[in-house]
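S.K.: I'm passing along structure.cif; it holds mmCIF, C-alpha atoms.
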data_protein
#
loop_
_atom_site.label_atom_id
_atom_site.label_comp_id
_atom_site.auth_asym_id
_atom_site.auth_seq_id
_atom_site.Cartn_x
_atom_site.Cartn_y
_atom_site.Cartn_z
CA MET A 1 12.64 15.43 13.77
CA LEU A 2 9.62 14.60 11.64
CA GLU A 3 7.45 11.69 12.75
CA VAL A 4 4.49 10.44 10.73
CA LEU A 5 2.11 7.81 12.10
CA ARG A 6 -0.43 6.32 9.72
CA SER A 7 -3.06 3.79 10.73
CA GLN A 8 -5.41 1.59 8.73
CA TYR A 9 -8.26 0.75 11.10
CA PRO A 10 -10.03 -2.65 11.00
CA VAL A 11 -13.55 -1.67 9.88
CA GLY A 12 -14.27 -4.54 7.49
CA GLN A 13 -15.91 -3.63 4.17
CA GLY A 14 -15.11 0.07 4.15
CA CYS A 15 -12.21 2.39 4.83
CA PHE A 16 -10.93 4.43 7.77
CA HIS A 17 -7.35 5.65 7.42
CA ALA A 18 -5.77 8.22 9.76
CA GLY A 19 -2.46 10.05 9.56
CA HIS A 20 -0.66 12.19 12.14
CA VAL A 21 2.29 14.43 11.21
CA LYS A 22 4.50 15.63 14.07
CA LEU A 23 7.43 18.02 13.69
CA ASP A 24 9.81 18.75 16.54
CA ASN A 25 13.03 20.66 15.94
CA GLU A 26 14.96 23.68 17.14
CA SER A 27 13.81 25.97 14.35
CA ALA A 28 10.15 25.22 15.06
CA GLN A 29 10.77 25.67 18.81
CA LYS A 30 7.74 23.53 19.49
CA THR A 31 5.99 20.34 18.45
CA SER A 32 3.28 20.76 15.84
CA ILE A 33 0.80 18.06 14.89
CA PHE A 34 -1.39 17.82 11.80
CA ASN A 35 -4.13 15.17 11.80
CA TYR A 36 -5.83 13.98 8.63
CA ILE A 37 -8.31 11.21 7.80
CA TYR A 38 -8.96 9.52 4.47
CA ASP A 39 -12.52 8.14 4.30
CA CYS A 40 -14.71 7.12 7.22
CA GLY A 41 -17.24 4.44 6.39
CA ALA A 42 -18.04 0.74 6.67
CA MET A 43 -20.88 -1.66 5.93
CA ASN A 44 -20.82 -2.79 9.58
CA GLN A 45 -21.43 0.23 11.78
CA GLY A 46 -20.34 -1.62 14.92
CA ASP A 47 -16.82 -2.16 13.55
CA LEU A 48 -16.63 1.46 12.46
CA LYS A 49 -17.83 2.82 15.81
CA GLY A 50 -15.09 0.86 17.56
CA ALA A 51 -12.46 2.41 15.29
CA ILE A 52 -13.77 5.95 15.79
CA ASP A 53 -13.91 5.42 19.57
CA CYS A 54 -10.28 4.26 19.43
CA TYR A 55 -9.30 7.33 17.41
CA ARG A 56 -10.92 9.85 19.75
CA THR A 57 -9.17 8.44 22.82
CA LYS A 58 -5.94 9.91 21.39
CA TYR A 59 -7.06 12.82 19.22
CA ASP A 60 -9.76 15.45 19.69
CA HIS A 61 -9.52 17.13 16.32
CA VAL A 62 -9.01 16.50 12.60
CA ASP A 63 -7.34 19.19 10.51
CA ALA A 64 -8.28 17.65 7.16
CA LEU A 65 -10.91 15.02 6.31
CA PHE A 66 -10.60 13.67 2.75
CA LEU A 67 -13.58 11.84 1.22
CA SER A 68 -12.58 9.74 -1.77
CA HIS A 69 -16.18 9.60 -3.01
CA LEU A 70 -19.70 9.60 -1.59
CA HIS A 71 -20.35 5.88 -1.59
CA GLU A 72 -21.88 4.54 1.63
CA ASP A 73 -19.03 2.27 2.71
CA HIS A 74 -16.60 5.19 2.54
CA VAL A 75 -18.62 7.99 4.17
CA ASN A 76 -21.44 6.63 6.35
CA GLY A 77 -19.38 7.14 9.51
CA ILE A 78 -18.88 10.87 9.01
CA ASP A 79 -21.84 11.86 11.19
CA LEU A 80 -20.47 9.80 14.08
CA LEU A 81 -16.95 11.16 13.54
CA LEU A 82 -18.15 14.78 13.48
CA SER A 83 -20.07 14.24 16.70
CA SER A 84 -16.92 12.86 18.37
CA VAL A 85 -14.13 15.24 17.27
CA ASN A 86 -13.77 18.71 15.77
CA VAL A 87 -13.09 18.76 12.03
CA ASP A 88 -11.61 21.88 10.46
CA THR A 89 -11.68 21.21 6.71
CA VAL A 90 -13.39 18.63 4.53
CA TYR A 91 -12.01 17.85 1.05
CA MET A 92 -14.33 16.10 -1.38
CA PRO A 93 -14.22 15.36 -5.11
CA TYR A 94 -16.21 17.71 -7.29
CA LEU A 95 -17.34 17.29 -10.84
CA ASP A 96 -20.85 18.68 -10.91
CA ASN A 97 -23.55 19.72 -8.47
CA LEU A 98 -26.00 17.05 -9.63
CA LEU A 99 -23.66 14.09 -10.03
CA PRO A 100 -23.97 12.94 -6.36
CA ILE A 101 -27.60 12.08 -7.19
CA LEU A 102 -26.17 8.85 -8.61
CA ASP A 103 -25.41 7.81 -5.02
CA VAL A 104 -28.91 8.74 -3.90
CA ILE A 105 -30.51 6.70 -6.69
CA GLU A 106 -28.42 3.64 -5.84
CA ALA A 107 -29.23 3.98 -2.13
CA ASP A 108 -32.93 4.23 -3.04
CA LEU A 109 -32.68 0.96 -4.93
CA GLN A 110 -31.57 -0.65 -1.66
CA GLY A 111 -34.32 0.87 0.52
CA THR A 112 -35.71 4.13 1.89
CA VAL A 113 -33.39 7.12 1.68
CA PRO A 114 -33.36 9.46 4.71
CA THR A 115 -33.73 13.18 3.97
CA SER A 116 -30.43 13.83 5.78
CA TYR A 117 -28.65 11.49 3.35
CA ILE A 118 -30.06 13.35 0.34
CA GLU A 119 -29.05 16.70 1.82
CA ALA A 120 -25.50 15.47 2.44
CA LYS A 121 -25.22 14.55 -1.24
CA ILE A 122 -26.73 17.56 -3.03
CA ASP A 123 -26.05 20.31 -0.46
CA PRO A 124 -22.94 19.23 1.47
CA GLN A 125 -22.15 22.83 2.46
CA LEU A 126 -25.39 23.07 4.46
CA TRP A 127 -25.04 19.52 5.80
CA PHE A 128 -21.49 20.08 7.06
CA SER A 129 -22.37 23.52 8.44
CA ARG A 130 -24.75 21.87 10.88
CA ARG A 131 -21.92 19.71 12.13
CA GLY A 132 -19.35 22.38 12.91
CA VAL A 133 -17.04 22.08 9.88
CA SER A 134 -15.13 25.31 9.20
CA ARG A 135 -14.35 24.86 5.53
CA LEU A 136 -15.41 22.71 2.60
CA VAL A 137 -12.94 22.31 -0.28
CA ARG A 138 -14.12 20.91 -3.59
CA VAL A 139 -11.29 19.17 -5.44
CA LEU A 140 -12.00 19.53 -9.15
CA SER A 141 -11.98 16.59 -11.50
CA VAL A 142 -9.15 16.38 -14.01
CA PRO A 143 -10.51 17.83 -17.30
CA GLU A 144 -10.90 15.07 -19.88
CA GLU A 145 -9.03 17.11 -22.49
CA ASP A 146 -6.01 17.18 -20.14
CA THR A 147 -5.99 13.40 -19.83
CA PRO A 148 -2.85 11.97 -21.49
CA SER A 149 -3.26 9.18 -23.99
CA GLY A 150 0.40 8.40 -24.68
CA GLY A 151 2.98 6.35 -22.83
CA ASP A 152 6.09 7.22 -20.85
CA ASP A 153 6.97 10.04 -23.23
CA VAL A 154 4.09 12.11 -21.92
CA ALA A 155 5.42 15.16 -20.06
CA PRO A 156 4.57 14.99 -16.36
CA VAL A 157 2.35 17.66 -14.90
CA GLU A 158 4.20 20.26 -12.89
CA PRO A 159 3.21 20.54 -9.22
CA LYS A 160 0.54 23.21 -9.05
CA GLY A 161 2.00 24.78 -5.95
CA PRO A 162 0.33 25.15 -2.57
CA ALA A 163 -3.42 25.61 -2.57
CA GLY A 164 -4.41 29.26 -2.30
CA PHE A 165 -5.45 29.09 1.34
CA ASP A 166 -4.01 28.10 4.69
CA VAL A 167 -4.04 24.34 5.17
CA LYS A 168 -4.74 24.58 8.88
CA ILE A 169 -7.36 26.88 10.38
CA LYS A 170 -9.17 27.11 13.69
CA THR A 171 -12.49 25.33 13.91
CA GLN A 172 -15.49 27.60 14.15
CA LYS A 173 -17.55 27.04 17.26
CA SER A 174 -21.32 26.80 17.04
CA THR A 175 -23.22 29.72 18.54
CA GLY A 176 -26.59 28.07 18.29
CA ARG A 177 -27.13 29.36 14.76
CA PHE A 178 -26.22 27.53 11.59
CA TYR A 179 -23.46 29.09 9.51
CA HIS A 180 -22.13 28.12 6.13
CA PRO A 181 -18.53 26.97 6.18
CA GLU A 182 -16.03 28.69 3.95
CA LEU A 183 -16.33 27.18 0.47
CA LYS A 184 -13.18 26.75 -1.63
CA LYS A 185 -12.09 24.96 -4.79
CA MET A 186 -8.74 23.47 -5.72
CA GLU A 187 -7.43 21.60 -8.74
CA SER A 188 -6.33 18.00 -8.81
CA GLY A 189 -2.60 17.86 -8.19
CA GLU A 190 -2.43 21.01 -6.09
CA VAL A 191 0.02 20.57 -3.22
CA LEU A 192 -0.98 20.99 0.42
CA LYS A 193 2.27 21.64 2.26
CA ILE A 194 2.05 20.45 5.87
CA CYS A 195 5.54 21.17 7.17
CA GLU A 196 9.16 21.49 6.07
CA ILE A 197 11.13 18.31 6.77
CA VAL A 198 14.52 19.70 5.83
CA PRO A 199 15.32 22.80 3.74
CA SER A 200 13.45 22.71 0.40
CA CYS A 201 11.67 19.45 1.22
CA HIS A 202 8.13 19.40 2.61
CA TRP A 203 5.73 16.73 3.80
CA THR A 204 2.75 17.17 1.50
CA LEU A 205 -0.77 15.99 0.77
CA VAL A 206 -1.74 15.82 -2.92
CA PRO A 207 -5.32 14.91 -3.96
CA HIS A 208 -6.37 13.79 -7.43
CA VAL A 209 -9.91 13.36 -8.80
CA ASP A 210 -10.51 11.08 -11.78
CA PRO A 211 -11.57 12.54 -15.15
CA ALA A 212 -15.09 12.44 -16.55
CA PRO A 213 -16.36 13.43 -20.01
CA LYS A 214 -18.05 16.85 -19.98
CA GLN A 215 -20.57 16.03 -22.69
CA LYS A 216 -21.89 12.97 -20.87
CA VAL A 217 -22.18 14.96 -17.64
CA LYS A 218 -24.06 17.72 -19.48
CA GLU A 219 -26.53 15.22 -20.94
CA PHE A 220 -26.92 13.52 -17.55
CA ASN A 221 -27.81 16.88 -15.96
CA ARG A 222 -30.34 17.65 -18.66
CA LYS A 223 -32.14 14.35 -18.11
CA ILE A 224 -32.03 14.64 -14.32
CA ARG A 225 -33.68 18.06 -14.47
CA LYS A 226 -36.31 16.79 -16.88
CA ALA A 227 -37.07 13.79 -14.65
CA CYS A 228 -37.48 16.16 -11.68
CA GLY A 229 -39.62 18.61 -13.65
CA LEU A 230 -37.07 21.43 -13.36
CA PRO A 231 -36.20 24.06 -15.99
CA ASP A 232 -32.56 24.45 -17.05
CA GLY A 233 -30.53 26.25 -14.41
CA ALA A 234 -33.06 25.73 -11.61
CA ARG A 235 -31.60 24.55 -8.31
CA LEU A 236 -32.55 21.06 -7.15
CA THR A 237 -33.25 20.82 -3.40
CA SER A 238 -33.21 17.78 -1.14
CA ARG A 239 -36.98 18.17 -0.63
CA GLN A 240 -37.66 18.14 -4.38
CA LEU A 241 -35.49 15.08 -4.88
CA GLY A 242 -37.18 13.35 -1.95
CA ASN A 243 -40.57 13.93 -3.56
CA VAL A 244 -39.34 12.43 -6.84
CA LEU A 245 -37.98 9.35 -5.06
CA ARG A 246 -41.38 8.77 -3.43
CA ASP A 247 -43.05 8.75 -6.85
CA ARG A 248 -42.25 5.33 -8.36
CA SER A 249 -42.87 6.36 -11.98
CA ARG A 250 -40.68 9.47 -11.72
CA CYS A 251 -38.08 7.48 -9.81
CA LYS A 252 -37.79 5.08 -12.75
CA ALA A 253 -37.04 8.04 -14.99
CA LEU A 254 -34.26 9.04 -12.61
CA ARG A 255 -32.71 5.61 -12.76
CA LYS A 256 -32.65 5.72 -16.54
CA CYS A 257 -30.39 8.75 -16.26
CA TYR A 258 -27.71 6.35 -15.07
CA ASP A 259 -27.15 5.31 -18.66
CA GLU A 260 -25.98 8.76 -19.71
CA ILE A 261 -22.78 8.55 -17.72
CA THR A 262 -22.17 4.81 -17.53
CA LYS A 263 -18.65 4.78 -18.92
CA TYR A 264 -17.31 7.25 -16.39
CA GLY A 265 -19.72 7.02 -13.54
CA GLY A 266 -23.04 5.27 -14.06
CA GLY A 267 -24.60 2.02 -12.98
CA ASN A 268 -22.52 -0.19 -10.72
CA ASN A 269 -19.38 1.65 -11.81
CA HIS A 270 -20.42 5.18 -10.84
CA ASN A 271 -17.95 5.22 -7.97
CA ARG A 272 -15.06 5.39 -10.45
CA ILE A 273 -15.17 9.21 -10.05
CA SER A 274 -13.03 8.99 -6.97
CA MET A 275 -10.36 11.01 -5.19
CA SER A 276 -6.92 9.57 -4.52
CA LEU A 277 -4.55 11.07 -1.94
CA TYR A 278 -0.76 11.09 -1.72
CA SER A 279 0.86 11.72 1.66
CA GLY A 280 4.62 11.98 1.62
CA PRO A 281 7.71 14.01 0.72
CA GLU A 282 7.80 16.49 -2.11
CA GLY A 283 11.22 16.10 -3.64
CA TYR A 284 14.18 14.17 -2.29
CA CYS A 285 14.89 14.47 1.44
CA ASN A 286 18.66 14.86 1.56
CA THR A 287 19.07 13.35 5.00
CA SER A 288 21.14 10.43 6.24
CA GLN A 289 18.68 9.58 9.00
CA VAL A 290 15.49 7.87 7.87
CA GLU A 291 13.67 5.19 9.84
CA TYR A 292 10.57 3.23 8.98
CA ALA A 293 8.71 1.06 11.47
CA LEU A 294 5.85 -1.36 10.98
CA LEU A 295 3.66 -1.85 14.05
CA LEU A 296 1.69 -5.08 14.37
CA ARG A 297 -1.01 -5.12 17.03
CA ILE A 298 -1.57 -8.25 19.09
CA PHE A 299 -4.80 -8.40 21.08
CA ASP A 300 -5.53 -10.53 24.12
CA LYS A 301 -8.18 -10.43 26.86
CA SER A 302 -5.83 -9.51 29.71
CA THR A 303 -3.96 -6.56 28.19
CA TYR A 304 -6.46 -5.74 25.42
CA MET A 305 -3.70 -4.47 23.19
CA SER A 306 0.07 -4.62 22.92
CA GLU A 307 2.35 -3.35 20.22
CA VAL A 308 5.19 -5.09 18.45
CA GLU A 309 7.40 -2.67 16.54
CA HIS A 310 9.75 -3.73 13.78
CA THR A 311 12.14 -0.91 12.90
CA TYR A 312 14.02 -0.69 9.64
CA HIS A 313 16.83 1.80 8.97
CA LEU A 314 16.31 2.43 5.30
CA ARG A 315 19.15 2.26 2.81
CA GLU A 316 20.08 5.25 0.68
CA GLU A 317 18.44 3.68 -2.37
CA ASP A 318 15.36 2.58 -0.42
CA ARG A 319 14.15 5.82 1.11
CA ALA A 320 10.52 5.72 -0.05
CA VAL A 321 8.27 6.52 2.91
CA GLY A 322 5.16 7.99 1.23
CA TRP A 323 1.61 6.58 1.21
CA ILE A 324 -1.15 6.71 -1.38
CA GLY A 325 -4.86 5.93 -1.08
CA THR A 326 -6.86 5.22 -4.23
CA GLY A 327 -10.48 5.11 -3.04
CA ASP A 328 -12.59 3.30 -5.61
CA ALA A 329 -10.76 4.72 -8.62
CA MET A 330 -11.21 2.64 -11.77
CA LEU A 331 -7.47 2.38 -12.39
CA LYS A 332 -7.92 -0.61 -14.67
CA ASP A 333 -9.24 1.83 -17.29
CA SER A 334 -6.28 3.18 -19.28
CA LYS A 335 -7.56 6.76 -19.56
CA VAL A 336 -8.31 7.02 -15.84
CA ARG A 337 -4.97 5.40 -14.97
CA LYS A 338 -2.96 7.68 -17.28
CA ALA A 339 -4.48 10.77 -15.68
CA TRP A 340 -3.68 9.35 -12.22
CA GLU A 341 -0.11 8.54 -13.24
CA ASN A 342 0.36 11.98 -14.73
CA THR A 343 -0.64 13.68 -11.48
CA TYR A 344 1.59 11.46 -9.36
CA ARG A 345 4.49 10.94 -11.75
CA LEU A 346 6.77 13.18 -9.68
CA TYR A 347 5.86 11.37 -6.46
CA ARG A 348 5.76 7.74 -7.62
CA ASP A 349 9.26 6.83 -6.42
CA HIS A 350 8.44 8.15 -2.94
CA ILE A 351 5.52 5.74 -2.45
CA SER A 352 6.21 2.88 -0.06
CA THR A 353 2.61 1.94 0.79
CA MET A 354 -0.48 1.76 -1.40
CA LEU A 355 -4.07 1.34 -0.27
CA LEU A 356 -5.39 -0.71 -3.19
CA PRO A 357 -8.42 0.57 -5.14
CA HIS A 358 -11.93 -0.67 -4.33
CA HIS A 359 -10.87 -2.95 -1.45
CA GLY A 360 -8.48 -4.91 -3.68
CA SER A 361 -10.97 -5.56 -6.46
CA GLN A 362 -9.65 -7.07 -9.68
CA GLY A 363 -12.02 -4.82 -11.65
CA ASN A 364 -10.21 -1.64 -10.50
CA PHE A 365 -6.64 -2.93 -10.48
CA HIS A 366 -3.83 -2.88 -13.03
CA SER A 367 -0.32 -4.25 -12.66
CA ASP A 368 1.15 -0.87 -13.68
CA LEU A 369 0.23 0.34 -10.19
CA LEU A 370 3.03 -1.84 -8.82
CA THR A 371 5.84 -0.22 -10.78
CA SER A 372 6.75 2.41 -8.17
CA ARG A 373 10.41 1.81 -7.34
CA GLY A 374 10.04 2.05 -3.55
CA LEU A 375 6.68 0.27 -3.19
CA ARG A 376 6.99 -2.46 -0.53
CA LEU A 377 3.49 -2.79 1.01
CA CYS A 378 0.00 -3.04 -0.51
CA VAL A 379 -3.04 -2.91 1.77
CA ALA A 380 -6.66 -3.92 1.13
CA SER A 381 -9.44 -2.83 3.50
CA ALA A 382 -12.26 -5.36 3.22
CA SER A 383 -14.32 -7.79 5.28
CA ASN A 384 -13.38 -11.38 5.84
CA SER A 385 -15.74 -13.63 3.89
CA SER A 386 -16.87 -10.61 1.88
CA GLN A 387 -19.91 -11.14 -0.34
CA PHE A 388 -18.02 -9.02 -2.88
CA LYS A 389 -15.02 -11.40 -2.79
CA HIS A 390 -12.61 -8.63 -1.86
CA PRO A 391 -9.67 -8.62 -1.96
CA SER A 392 -9.24 -10.52 -5.19
CA CYS A 393 -6.97 -13.57 -5.10
CA ASP A 394 -5.61 -12.54 -8.49
CA VAL A 395 -4.64 -9.10 -7.15
CA ILE A 396 -2.89 -10.67 -4.15
CA LYS A 397 -0.93 -12.97 -6.49
CA GLU A 398 0.10 -10.03 -8.69
CA VAL A 399 1.35 -8.10 -5.66
CA CYS A 400 3.31 -11.01 -4.20
CA LYS A 401 4.76 -11.93 -7.59
CA LYS A 402 6.41 -8.50 -7.64
CA GLY A 403 8.04 -9.18 -4.26
CA ILE A 404 5.77 -6.65 -2.54
CA SER A 405 4.21 -7.44 0.83
CA PHE A 406 0.41 -7.66 1.03
CA HIS A 407 -1.75 -7.03 4.10
CA HIS A 408 -5.51 -7.52 4.41
CA VAL A 409 -7.09 -5.24 7.02
CA SER A 410 -10.45 -6.79 7.86
CA GLN A 411 -12.89 -6.35 10.75
CA ASP A 412 -10.56 -8.43 12.96
CA PRO A 413 -8.80 -6.03 15.40
CA GLN A 414 -5.55 -8.00 15.02
CA THR A 415 -5.33 -6.98 11.36
CA ARG A 416 -4.97 -3.27 12.13
CA ILE A 417 -1.70 -1.99 10.78
CA ASP A 418 0.30 1.10 11.81
CA GLU A 419 3.34 2.55 10.10
CA VAL A 420 5.76 5.02 11.65
CA VAL A 421 8.16 7.16 9.62
CA ARG A 422 10.90 9.10 11.37
CA ILE A 423 13.12 11.52 9.47
CA LEU A 424 15.96 13.30 11.25
CA ASP A 425 17.85 16.20 9.82
CA ASN A 426 21.61 15.84 9.52
CA SER A 427 22.26 17.71 12.77
CA GLN A 428 20.32 15.19 14.87
CA LYS A 429 21.64 12.02 16.41
CA LYS A 430 20.27 8.63 15.53
CA ILE A 431 17.30 7.48 17.59
#
Can the structure from this file be put into structure tokens for me?

M.R.:
Amino acid sequence: MLEVLRSQYPVGQGCFHAGHVKLDNESAQKTSIFNYIYDCGAMNQGDLKGAIDCYRTKYDHVDALFLSHLHEDHVNGIDLLLSSVNVDTVYMPYLDNLLPILDVIEADLQGTVPTSYIEAKIDPQLWFSRRGVSRLVRVLSVPEEDTPSGGDDVAPVEPKGPAGFDVKIKTQKSTGRFYHPELKKMESGEVLKICEIVPSCHWTLVPHVDPAPKQKVKEFNRKIRKACGLPDGARLTSRQLGNVLRDRSRCKALRKCYDEITKYGGGNNHNRISMSLYSGPEGYCNTSQVEYALLLRIFDKSTYMSEVEHTYHLREEDRAVGWIGTGDAMLKDSKVRKAWENTYRLYRDHISTMLLPHHGSQGNFHSDLLTSRGLRLCVASASNSSQFKHPSCDVIKEVCKKGISFHHVSQDPQTRIDEVVRILDNSQKKI
């Protein structure tokens, strides 16, 4: 039997999603568990700490940590997470070595930037090495020339097969000396096969990183190096960038570099270069035993927490049990959305739950996202009374108009939502 538990934790304006894949059958002869997390950040650190504390009471390790992008409300809890549990592999979007400086510049506009924050952005391999991570995988951005511009007649991308390395590896233990984690790259759309559900059908994880124009990135890099006083090809260090940020006149020159990549990453929209993640079946699971359960958590002072489980035995035509997270992807933009759809075209009908882009923002949303045949639940992770007005009332109306359920996970513990998927092979009895 395959059992998948996925949880959207109540962290307010931010995101902390955790998934646990458990396989128990005669052929495996044992129970295997794969734990993954998608984003770990929130504007309110107290809410986030509570969620991480809750996570570590049940799990002491993370096999795969996926970071949709390096914006504060999606990653500022990583240090706390890494100090609480062992993390084997970190997956992060990769376009260019200097592009994360956009995050540093924005953070500087809001106050002083710690050296550790700068290092995490421009030298993540060193930063993660000091926190016990075994491997860092850079997920490459979809090349702009591969971005489709047509409609439904565009040929879907073929699955790129399993990534060229083992998905699960043993965490390296610190010996008192810093080591660099293994550094790998993978393409958007490459399949990470977690386990075989039934013959020829696997539970998979499939990341996708939004496209960005190469010429704009090239020009952005040229101006960044000039603003920092570096020759072409010279490596920018966290110390050098810190010195530039302390010099107000040079810092202004850095901020002007925003304009070079505005359409696909600059200014207030720079977080559009984001990584989505699909978690679900690859191909049709030819099994007559599929269950889906939605767990609502009810909190009270005497018992602290109780669970109410609603179980649904899915119909043959309603077997979608997959999940997809969209980070802060600018899916309202047609070119970005077409690239996203092309990567996930073969998985779209398996998606039952979608974590809406940018906390349910209208500026990142498009109604085409709701066309997946099996989609029955949309989730927005955002604070109550958010200054950003997330989630958007217009987005909620669009979702409900399609007959799809909507759930707002806020900082209120009662809004936490868990989903359980159970898939039995044909030889097993019904639960």

S.K.: Measure the distance from atom CA of Arg345 of chain A to atom CA of Cys195 of chain A in Å and round it to one decimal.

M.R.: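 So the two atoms, atom CA of Arg345 of chain A and atom CA of Cys195 of chain A, lie 21.5 Å apart.
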
S.K.: Nearest to Glu398 of chain A among A:Trp340, A:Phe365, A:Phe165, A:Trp127, with distances taken over all atoms listed in the file: which residue is it?

M.R.: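 Closest to Glu398 of chain A of all the choices is A:Phe365.
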
S.K.: What is the distance between atom CA of Ile273 of chain A and atom CA of Asp73 of chain A, in Å to one decimal?

M.R.: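 Atom-to-atom, atom CA of Ile273 of chain A to atom CA of Asp73 of chain A, that is 15.0 Å.
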
S.K.: In terms of the shortest atom-to-atom distance over all atoms listed in the file, which of A:Leu375, A:Ala382, A:Leu369, A:Leu356 is closest to Gly322 of chain A?

M.R.: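 Of A:Leu375, A:Ala382, A:Leu369, A:Leu356, the one nearest Gly322 of chain A, counting all atoms listed in the file, is A:Leu375.
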
S.K.: List the residues selected by the PyMOL selection byres ((chain A and resi 357) around 9) in the file shown, writing them as JSON, numbers by chain.

M.R.: {"A": [325, 326, 327, 328, 329, 330, 331, 354, 355, 356, 358, 359, 360, 361, 362, 364, 365, 380]}

S.K.: When distances are computed from all atoms listed in the file, which of A:Gln240, A:Thr57, A:Ser32, A:Ser134 shows the smallest separation from Ile122 of chain A?

M.R.: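 Answer, going by the shortest atom-to-atom distance: A:Gln240.
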
S.K.: I'd like the neighbourhood of Gly233 of chain A as a short mmCIF file (atom, residue, chain, number, x, y, z; two decimals) with C-alpha atoms, in the coordinates of the input, where a residue qualifies if any of its atoms comes within 10 Å (using all atoms listed in the file), though same-chain residues fewer than 4 positions away should be ignored.

M.R.:
data_model
loop_
_atom_site.label_atom_id
_atom_site.label_comp_id
_atom_site.auth_asym_id
_atom_site.auth_seq_id
_atom_site.Cartn_x
_atom_site.Cartn_y
_atom_site.Cartn_z
CA ASN A 221 -27.81 16.88 -15.96
CA ARG A 222 -30.34 17.65 -18.66
CA ARG A 225 -33.68 18.06 -14.47
#

S.K.: At a cut-off of 10 Å, can you tabulate as JSON lines every residue of segment 382-422 of chain A near segment 51-55 of chain A together with its closest atom pair and the distance in Å to one decimal, using only C-alpha atoms and ordering rows by chain then number?

M.R.:
{"residue": "A:Gln411", "atom": "CA", "partner": "A:Ala51", "partner_atom": "CA", "distance": 9.9}
{"residue": "A:Pro413", "atom": "CA", "partner": "A:Ala51", "partner_atom": "CA", "distance": 9.2}
{"residue": "A:Arg416", "atom": "CA", "partner": "A:Ala51", "partner_atom": "CA", "distance": 9.9}

S.K.: Hey, can you check how far atom CA of Ser129 of chain A sits from atom CA of Pro181 of chain A?

M.R.: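 Atom-to-atom, atom CA of Ser129 of chain A to atom CA of Pro181 of chain A, that is 5.6 Å.
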
S.K.: Measuring between all atoms listed in the file, which one of A:Asp412, A:Asp166, A:Asp349, A:Glu196 shows the shortest distance to Asp88 of chain A?

M.R.: A:Asp166

S.K.: Using all atoms listed in the file, pick whichever of A:Met92, A:Val11, A:Leu192, A:Ile105 has the shortest atom-to-atom distance to Gly77 of chain A.

M.R.: A:Val11

S.K.: Please evaluate the PyMOL selection byres ((chain A and resi 351) around 8) against the structure above and give the resulting residues as a ChimeraX atom specification.

M.R.: /A:280,320-324,347-350,352-354,372-375

S.K.: When you count only C-alpha atoms, which of these residues is closest to Ala339 of chain A: A:Val399, A:Leu377, A:Ala212, A:Leu2?

M.R.: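 The closest residue to Ala339 of chain A is A:Ala212.
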
S.K.: Just so the selection is clear, what residues does the PyMOL selection byres ((chain A and resi 89) around 7) cover here, as a PyMOL selection string?

M.R.: chain A and resi 63-65+87-88+90-91+133-136

S.K.: For a cutoff of 7 Å around the file-coordinate point (-0.3, -7.9, 3.1), which residues qualify once you count all atoms listed in the file? I'd like the result as a list in words.

M.R.: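 Here the neighbourhood of the point contains Leu377, Cys378, Val379, Ser405, Phe406, His407 and His408 of chain A.
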
S.K.: Give as a PyMOL selection string each residue that has an atom at most 10 Å from (-20.1, 7.7, 8.6) in the file, counting all atoms listed in the file.

M.R.: chain A and resi 16+39-43+45+48-49+52+72-82

S.K.: Print the selection's residues with C-alpha atoms to a file, as a short mmCIF file (atom, residue, chain, number, x, y, z; two decimals), in the coordinates of the input.

M.R.:
data_model
loop_
_atom_site.label_atom_id
_atom_site.label_comp_id
_atom_site.auth_asym_id
_atom_site.auth_seq_id
_atom_site.Cartn_x
_atom_site.Cartn_y
_atom_site.Cartn_z
CA PHE A 16 -10.93 4.43 7.77
CA ASP A 39 -12.52 8.14 4.30
CA CYS A 40 -14.71 7.12 7.22
CA GLY A 41 -17.24 4.44 6.39
CA ALA A 42 -18.04 0.74 6.67
CA MET A 43 -20.88 -1.66 5.93
CA GLN A 45 -21.43 0.23 11.78
CA LEU A 48 -16.63 1.46 12.46
CA LYS A 49 -17.83 2.82 15.81
CA ILE A 52 -13.77 5.95 15.79
CA GLU A 72 -21.88 4.54 1.63
CA ASP A 73 -19.03 2.27 2.71
CA HIS A 74 -16.60 5.19 2.54
CA VAL A 75 -18.62 7.99 4.17
CA ASN A 76 -21.44 6.63 6.35
CA GLY A 77 -19.38 7.14 9.51
CA ILE A 78 -18.88 10.87 9.01
CA ASP A 79 -21.84 11.86 11.19
CA LEU A 80 -20.47 9.80 14.08
CA LEU A 81 -16.95 11.16 13.54
CA LEU A 82 -18.15 14.78 13.48
#
